[in-house]
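Next comes data_17.tsv, a file with TSV, C-alpha atoms and all ligand atoms.
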```tsv
chain	number	residue	atom	x	y	z
O	19	MET	CA	0.00	0.00	0.00
O	20	THR	CA	1.42	3.36	-1.02
O	21	GLN	CA	0.50	6.76	0.41
O	22	GLU	CA	-0.80	7.74	-3.01
O	23	ILE	CA	-3.24	4.82	-3.19
O	24	SER	CA	-4.25	5.37	0.41
O	25	LEU	CA	-5.09	9.01	-0.35
O	26	ALA	CA	-7.21	7.91	-3.31
O	27	ILE	CA	-9.06	5.37	-1.15
O	28	LEU	CA	-9.79	7.93	1.58
O	29	GLU	CA	-11.02	10.43	-0.99
O	30	ILE	CA	-13.45	7.90	-2.46
O	31	LEU	CA	-14.70	6.90	1.00
O	32	ARG	CA	-15.19	10.59	1.85
O	33	GLU	CA	-17.20	11.12	-1.31
O	34	THR	CA	-19.23	7.98	-0.61
O	35	TYR	CA	-20.07	8.53	3.03
O	36	GLY	CA	-19.78	12.32	3.38
O	37	GLN	CA	-19.43	13.76	6.87
O	38	VAL	CA	-19.07	10.77	9.19
O	39	GLU	CA	-19.80	10.84	12.91
O	40	PRO	CA	-18.92	8.41	15.69
O	41	GLY	CA	-21.73	5.95	16.52
O	42	LEU	CA	-21.85	6.62	20.28
O	43	HIS	CA	-23.99	9.47	21.58
O	44	TYR	CA	-22.22	11.62	24.18
O	45	LYS	CA	-22.06	15.25	25.25
O	46	ASN	CA	-18.81	15.44	27.18
O	47	GLN	CA	-15.67	13.49	28.10
O	48	TYR	CA	-17.40	11.80	31.05
O	49	GLN	CA	-20.20	10.46	28.86
O	50	LEU	CA	-17.75	9.43	26.13
O	51	LEU	CA	-15.53	7.43	28.47
O	52	ILE	CA	-18.44	5.65	30.13
O	53	SER	CA	-20.09	4.92	26.75
O	54	VAL	CA	-16.84	3.51	25.39
O	55	VAL	CA	-16.49	1.12	28.34
O	56	LEU	CA	-20.11	0.00	27.87
O	57	SER	CA	-19.55	-0.56	24.15
O	58	ALA	CA	-17.30	-3.61	24.67
O	59	GLN	CA	-18.80	-6.69	22.99
O	60	THR	CA	-21.94	-4.86	21.88
O	61	THR	CA	-23.06	-2.27	19.35
O	62	ASP	CA	-22.96	1.51	19.72
O	63	LYS	CA	-26.69	1.47	19.03
O	64	GLN	CA	-27.32	-0.76	22.02
O	65	VAL	CA	-25.19	1.48	24.25
O	66	ASN	CA	-27.14	4.52	23.06
O	67	THR	CA	-30.36	2.95	24.34
O	68	VAL	CA	-29.14	2.79	27.95
O	69	THR	CA	-26.95	5.87	28.35
O	70	PRO	CA	-29.75	8.50	28.40
O	71	VAL	CA	-31.14	6.93	31.59
O	72	LEU	CA	-27.69	6.29	33.03
O	73	PHE	CA	-26.51	9.88	32.48
O	74	GLN	CA	-29.78	11.35	33.69
O	75	GLU	CA	-29.43	9.54	37.01
O	76	TYR	CA	-25.64	9.75	37.25
O	77	PRO	CA	-24.57	12.95	35.47
O	78	ASP	CA	-20.89	12.92	36.46
O	79	PHE	CA	-18.03	10.83	37.85
O	80	LYS	CA	-18.87	11.88	41.41
O	81	SER	CA	-22.42	10.54	41.33
O	82	LEU	CA	-21.38	7.38	39.48
O	83	ALA	CA	-18.54	6.70	41.95
O	84	GLN	CA	-21.12	6.72	44.76
O	85	ALA	CA	-23.67	4.55	42.95
O	86	GLU	CA	-24.82	1.13	44.08
O	87	ILE	CA	-23.39	-1.36	41.59
O	88	THR	CA	-26.67	-3.30	41.49
O	89	ASP	CA	-28.55	-0.14	40.44
O	90	ILE	CA	-26.08	0.37	37.57
O	91	GLU	CA	-26.41	-3.29	36.58
O	92	THR	CA	-30.15	-2.86	36.21
O	93	ILE	CA	-29.76	0.12	33.87
O	94	ILE	CA	-27.00	-1.30	31.66
O	95	ARG	CA	-28.10	-4.95	31.64
O	96	SER	CA	-28.96	-5.02	27.91
O	97	THR	CA	-25.38	-4.11	26.91
O	98	GLY	CA	-24.13	-7.56	28.02
O	99	PHE	CA	-21.36	-8.38	30.50
O	100	TYR	CA	-23.24	-5.95	32.69
O	101	ARG	CA	-21.82	-7.11	36.02
O	102	ASN	CA	-18.23	-6.43	34.96
O	103	LYS	CA	-19.16	-3.24	33.16
O	104	ALA	CA	-21.09	-1.89	36.17
O	105	LYS	CA	-18.18	-2.65	38.48
O	106	ASN	CA	-15.69	-1.10	36.06
O	107	ILE	CA	-17.52	2.18	35.50
O	108	VAL	CA	-18.12	2.70	39.22
O	109	MET	CA	-14.49	1.87	40.01
O	110	LEU	CA	-13.05	4.02	37.26
O	111	SER	CA	-15.22	6.93	38.36
O	112	GLY	CA	-13.74	6.64	41.84
O	113	ILE	CA	-10.22	6.56	40.39
O	114	ILE	CA	-10.87	9.61	38.23
O	115	ILE	CA	-12.18	11.52	41.24
O	116	SER	CA	-9.31	10.54	43.53
O	117	LYS	CA	-6.36	10.34	41.12
O	118	TYR	CA	-7.24	12.78	38.35
O	119	ASN	CA	-9.27	15.39	40.23
O	120	GLY	CA	-12.45	14.46	38.36
O	121	LYS	CA	-10.94	15.01	34.90
O	122	VAL	CA	-10.52	12.36	32.19
O	123	PRO	CA	-6.78	11.84	31.56
O	124	ASP	CA	-5.56	12.05	27.96
O	125	THR	CA	-2.53	9.76	27.83
O	126	LEU	CA	-2.63	6.13	26.73
O	127	GLU	CA	-0.83	5.13	29.90
O	128	ASP	CA	-3.31	6.83	32.25
O	129	LEU	CA	-6.40	5.80	30.30
O	130	THR	CA	-5.42	2.14	30.03
O	131	PHE	CA	-4.78	2.12	33.79
O	132	LEU	CA	-8.55	2.53	34.27
O	133	PRO	CA	-10.61	-0.67	34.68
O	134	GLY	CA	-12.40	-1.70	31.49
O	135	VAL	CA	-10.29	0.59	29.28
O	136	GLY	CA	-8.03	-1.15	26.75
O	137	ARG	CA	-5.88	0.46	24.10
O	138	LYS	CA	-8.66	0.78	21.52
O	139	SER	CA	-11.02	2.40	24.03
O	140	ALA	CA	-8.28	4.74	25.20
O	141	GLN	CA	-7.57	5.81	21.63
O	142	VAL	CA	-11.28	6.46	21.02
O	143	VAL	CA	-11.38	8.73	24.09
O	144	ARG	CA	-8.20	10.53	23.01
O	145	ALA	CA	-9.46	11.01	19.46
O	146	PHE	CA	-13.07	12.04	20.11
O	147	GLY	CA	-12.76	13.47	23.60
O	148	PHE	CA	-9.58	15.46	23.08
O	149	GLY	CA	-9.06	15.69	19.32
O	150	ILE	CA	-5.67	13.97	19.65
O	151	PRO	CA	-4.72	12.21	16.38
O	152	ALA	CA	-5.26	8.47	16.84
O	153	ILE	CA	-6.48	5.46	14.86
O	154	PRO	CA	-8.39	3.20	17.22
O	155	VAL	CA	-8.43	-0.32	15.78
O	156	ASP	CA	-11.72	-2.08	16.38
O	157	THR	CA	-13.07	-5.15	14.60
O	158	HIS	CA	-14.25	-3.13	11.56
O	159	VAL	CA	-11.02	-1.15	11.17
O	160	MET	CA	-9.02	-4.36	11.50
O	161	ARG	CA	-11.06	-6.26	8.88
O	162	VAL	CA	-11.34	-3.43	6.35
O	163	SER	CA	-7.70	-2.38	6.55
O	164	LYS	CA	-6.53	-5.99	6.18
O	165	ARG	CA	-8.78	-6.66	3.21
O	166	ILE	CA	-7.81	-3.48	1.41
O	167	GLY	CA	-4.13	-4.26	1.93
O	168	TYR	CA	-2.83	-1.85	4.58
O	169	THR	CA	-1.51	-4.74	6.63
O	170	THR	CA	-1.44	-8.52	6.94
O	171	SER	CA	-1.20	-8.48	10.70
O	172	THR	CA	-3.95	-9.60	13.07
O	173	ASN	CA	-2.38	-7.78	15.99
O	174	PRO	CA	-4.32	-4.55	16.69
O	175	VAL	CA	-1.22	-2.61	17.77
O	176	GLU	CA	0.62	-3.62	14.59
O	177	VAL	CA	-2.43	-2.72	12.48
O	178	GLU	CA	-2.58	0.66	14.19
O	179	ARG	CA	1.12	1.24	13.48
O	180	ALA	CA	0.74	0.16	9.84
O	181	LEU	CA	-2.16	2.55	9.30
O	182	ALA	CA	-0.38	5.38	11.09
O	183	GLY	CA	2.67	4.81	8.91
O	184	ILE	CA	0.73	5.26	5.67
O	185	ILE	CA	-2.12	7.66	6.52
O	186	SER	CA	-1.31	11.31	7.31
O	187	GLU	CA	-1.79	12.24	10.94
O	188	GLU	CA	-4.50	14.80	10.15
O	189	ASP	CA	-6.56	12.01	8.54
O	190	TRP	CA	-6.23	9.42	11.32
O	191	ILE	CA	-9.48	10.11	13.18
O	192	GLU	CA	-11.53	10.49	10.00
O	193	SER	CA	-10.02	7.29	8.54
O	194	HIS	CA	-11.06	5.38	11.65
O	195	VAL	CA	-14.68	6.50	11.25
O	196	LEU	CA	-14.67	5.99	7.46
O	197	PHE	CA	-13.36	2.42	7.80
O	198	ILE	CA	-15.99	1.63	10.45
O	199	THR	CA	-18.73	3.10	8.25
O	200	HIS	CA	-17.48	1.12	5.26
O	201	GLY	CA	-17.23	-2.05	7.36
O	202	ARG	CA	-20.80	-1.66	8.59
O	203	SER	CA	-22.36	-0.88	5.25
O	204	ILE	CA	-20.43	-2.62	2.44
O	205	CYS	CA	-17.32	-4.48	3.62
O	206	LEU	CA	-19.37	-6.70	5.91
O	207	SER	CA	-17.69	-9.34	8.02
O	208	ARG	CA	-19.30	-12.49	6.59
O	209	LYS	CA	-19.99	-11.41	3.04
O	210	PRO	CA	-18.48	-8.19	1.74
O	211	SER	CA	-20.49	-6.57	-1.06
O	212	CYS	CA	-17.49	-6.18	-3.36
O	213	ASP	CA	-19.72	-5.82	-6.43
O	214	ARG	CA	-20.96	-2.46	-5.17
O	215	CYS	CA	-17.80	-1.31	-3.39
O	216	PRO	CA	-16.47	2.10	-4.50
O	217	ILE	CA	-12.84	1.16	-3.71
O	218	TYR	CA	-13.04	-2.20	-5.49
O	219	CYS	CA	-10.20	-1.41	-7.89
O	220	TYR	CA	-7.75	-0.68	-5.04
O	221	CYS	CA	-8.61	-3.66	-2.86
O	222	ASP	CA	-6.19	-6.56	-2.32
O	223	PHE	CA	-9.05	-8.83	-1.25
O	224	VAL	CA	-10.69	-8.83	-4.68
O	225	ASN	CA	-7.37	-8.99	-6.47
O	226	ASN	CA	-6.47	-12.09	-4.43
O	227	ASN	CA	-10.01	-13.61	-4.70
O	228	PRO	CA	-11.11	-12.79	-8.24
O	301	LIG	S1	-13.72	-4.68	-2.49
O	301	LIG	FE1	-14.80	-6.03	-1.05
O	301	LIG	S2	-13.26	-6.62	0.43
O	301	LIG	FE2	-12.46	-4.85	-0.66
O	301	LIG	S3	-13.04	-3.11	0.61
O	301	LIG	FE3	-14.62	-3.38	-0.91
O	301	LIG	S4	-16.17	-4.68	0.06
O	301	LIG	FE4	-14.28	-4.83	1.27
```
Translate the structure of the given file into structure tokens.
Amino acid sequence: MTQEISLAILEILRETYGQVEPGLHYKNQYQLLISVVLSAQTTDKQVNTVTPVLFQEYPDFKSLAQAEITDIETIIRSTGFYRNKAKNIVMLSGIIISKYNGKVPDTLEDLTFLPGVGRKSAQVVRAFGFGIPAIPVDTHVMRVSKRIGYTTSTNPVEVERALAGIISEEDWIESHVLFITHGRSICLSRKPSCDRCPIYCYCDFVNNNP
């Protein structure tokens, strides 16, 4: 994959999908971080069905840190793994109050120290909560970038490095959202719709599976 081809791919995806937005609904860094933790192993859409109630009853880290875990479990149950998630978001709220003075940290090291926050989640918070250039690698970004030919690796950190080495820093966040959008609409996991894919001619997957 060359930078020239990558630029052409991003331009086509931009033209195809227009202005792309992240799937989670949030109004501030608190809501983003909690939504990201809840989004593990489920869809953004599912998370968006529980967060309005959660944030209405627990509007900040302070209130969430003091919550009864069983009350949180009841609200977030439909997101799956709700016992762990409830414990994690209450615990991380306490840590943010005591260690970070109630403010979401912005480094990978500090974010991944929080329970329930892995590298991908931390990069999402950095990108969308702080505007720091990052390419979070989720299942869609991994699949789409491998199929197109940005990488052959299945290691998320290596995929992230490969993408960051080819895509210009100012395009990292947008590329992440474009790849997710493409992965959800055309480059589907089980059966990609290559016959109606706008980047068909640049894709390694079709060249290797004619
Ligand atoms: S051509 Fe097929 S495999 Fe390649 S990006 Fe498009 S849908 Fe995905």
Item to complete: Throw together the list of residues within 9 Å of ligand LIG 301 (chain O), counting only C-alpha atoms and all ligand atoms, and drop it here as a ChimeraX atom specification.
Response: /O:161-167,200-201,203-207,209-225
Written selection (C-alpha atoms) as a PDB file, in the coordinates of the input:
```pdb
ATOM      1  CA  ARG O 161     -11.060  -6.260   8.880  1.00  0.00           C
ATOM      2  CA  VAL O 162     -11.340  -3.430   6.350  1.00  0.00           C
ATOM      3  CA  SER O 163      -7.700  -2.380   6.550  1.00  0.00           C
ATOM      4  CA  LYS O 164      -6.530  -5.990   6.180  1.00  0.00           C
ATOM      5  CA  ARG O 165      -8.780  -6.660   3.210  1.00  0.00           C
ATOM      6  CA  ILE O 166      -7.810  -3.480   1.410  1.00  0.00           C
ATOM      7  CA  GLY O 167      -4.130  -4.260   1.930  1.00  0.00           C
ATOM      8  CA  HIS O 200     -17.480   1.120   5.260  1.00  0.00           C
ATOM      9  CA  GLY O 201     -17.230  -2.050   7.360  1.00  0.00           C
ATOM     10  CA  SER O 203     -22.360  -0.880   5.250  1.00  0.00           C
ATOM     11  CA  ILE O 204     -20.430  -2.620   2.440  1.00  0.00           C
ATOM     12  CA  CYS O 205     -17.320  -4.480   3.620  1.00  0.00           C
ATOM     13  CA  LEU O 206     -19.370  -6.700   5.910  1.00  0.00           C
ATOM     14  CA  SER O 207     -17.690  -9.340   8.020  1.00  0.00           C
ATOM     15  CA  LYS O 209     -19.990 -11.410   3.040  1.00  0.00           C
ATOM     16  CA  PRO O 210     -18.480  -8.190   1.740  1.00  0.00           C
ATOM     17  CA  SER O 211     -20.490  -6.570  -1.060  1.00  0.00           C
ATOM     18  CA  CYS O 212     -17.490  -6.180  -3.360  1.00  0.00           C
ATOM     19  CA  ASP O 213     -19.720  -5.820  -6.430  1.00  0.00           C
ATOM     20  CA  ARG O 214     -20.960  -2.460  -5.170  1.00  0.00           C
ATOM     21  CA  CYS O 215     -17.800  -1.310  -3.390  1.00  0.00           C
ATOM     22  CA  PRO O 216     -16.470   2.100  -4.500  1.00  0.00           C
ATOM     23  CA  ILE O 217     -12.840   1.160  -3.710  1.00  0.00           C
ATOM     24  CA  TYR O 218     -13.040  -2.200  -5.490  1.00  0.00           C
ATOM     25  CA  CYS O 219     -10.200  -1.410  -7.890  1.00  0.00           C
ATOM     26  CA  TYR O 220      -7.750  -0.680  -5.040  1.00  0.00           C
ATOM     27  CA  CYS O 221      -8.610  -3.660  -2.860  1.00  0.00           C
ATOM     28  CA  ASP O 222      -6.190  -6.560  -2.320  1.00  0.00           C
ATOM     29  CA  PHE O 223      -9.050  -8.830  -1.250  1.00  0.00           C
ATOM     30  CA  VAL O 224     -10.690  -8.830  -4.680  1.00  0.00           C
ATOM     31  CA  ASN O 225      -7.370  -8.990  -6.470  1.00  0.00           C
TER      32      ASN O 225
END
```
Response to the item:
Of O:Asn227, O:Thr60, O:Ser193, O:Asn66, the one sitting nearest O:Glu29 when using only C-alpha atoms is O:Ser193
Item to complete: Might you pull out every residue within 9 Å of stretch 113-123 of chain O, with only C-alpha atoms counted and same-chain residues fewer than 5 positions away left off, and present them as an MDAnalysis selection string?
Response: chainID O and resid 47:48 51 78:80 83 108 128:129 132 143:144 147
Grab the residues selected above and save them as a short mmCIF file (atom, residue, chain, number, x, y, z; two decimals), in the coordinates of the input with C-alpha atoms.
```
data_model
loop_
_atom_site.label_atom_id
_atom_site.label_comp_id
_atom_site.auth_asym_id
_atom_site.auth_seq_id
_atom_site.Cartn_x
_atom_site.Cartn_y
_atom_site.Cartn_z
CA GLN O 47 -15.67 13.49 28.10
CA TYR O 48 -17.40 11.80 31.05
CA LEU O 51 -15.53 7.43 28.47
CA ASP O 78 -20.89 12.92 36.46
CA PHE O 79 -18.03 10.83 37.85
CA LYS O 80 -18.87 11.88 41.41
CA ALA O 83 -18.54 6.70 41.95
CA VAL O 108 -18.12 2.70 39.22
CA ASP O 128 -3.31 6.83 32.25
CA LEU O 129 -6.40 5.80 30.30
CA LEU O 132 -8.55 2.53 34.27
CA VAL O 143 -11.38 8.73 24.09
CA ARG O 144 -8.20 10.53 23.01
CA GLY O 147 -12.76 13.47 23.60
#
```
Worksheet item: With all atoms listed in the file as the basis for distance, which of O:Val65, O:Ala58, O:Leu31, O:Val38 is at the shortest distance from O:Lys138?
Response: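 Among O:Val65, O:Ala58, O:Leu31, O:Val38, it is O:Ala58 that comes nearest to O:Lys138.
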Worksheet item: Just how far from atom CA of O:Tyr168 is atom CA of O:Val54, in Å to one decimal?
Response: 25.7 Å
Worksheet entry | Shell of 8 Å around O:Ile185, all atoms listed in the file, local chain residues under 3 positions omitted, as a ChimeraX atom specification | /O:21,24-25,181-182,189-190
Worksheet entry | For atom CA of O:Leu28 and atom CA of O:Thr170, the interatomic separation in Å (one decimal) |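 So the answer is 19.2 Å.
Between atom CA of O:Thr88 and atom CA of O:Phe146 there is a distance of 29.6 Å.
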Worksheet item: Quick one: residues within 12 Å of stretch 90-100 of chain O, only C-alpha atoms counted, chain neighbours fewer than 4 positions away excluded, as a PyMOL selection string?
Response: chain O and resi 52-76+81-86+104-109+134
Discussion item. Calculated over all atoms listed in the file, which of the candidates O:Asp156, O:Glu127, O:Glu187, O:Glu39 has the smallest distance to O:Val175?
Written reply: O:Asp156
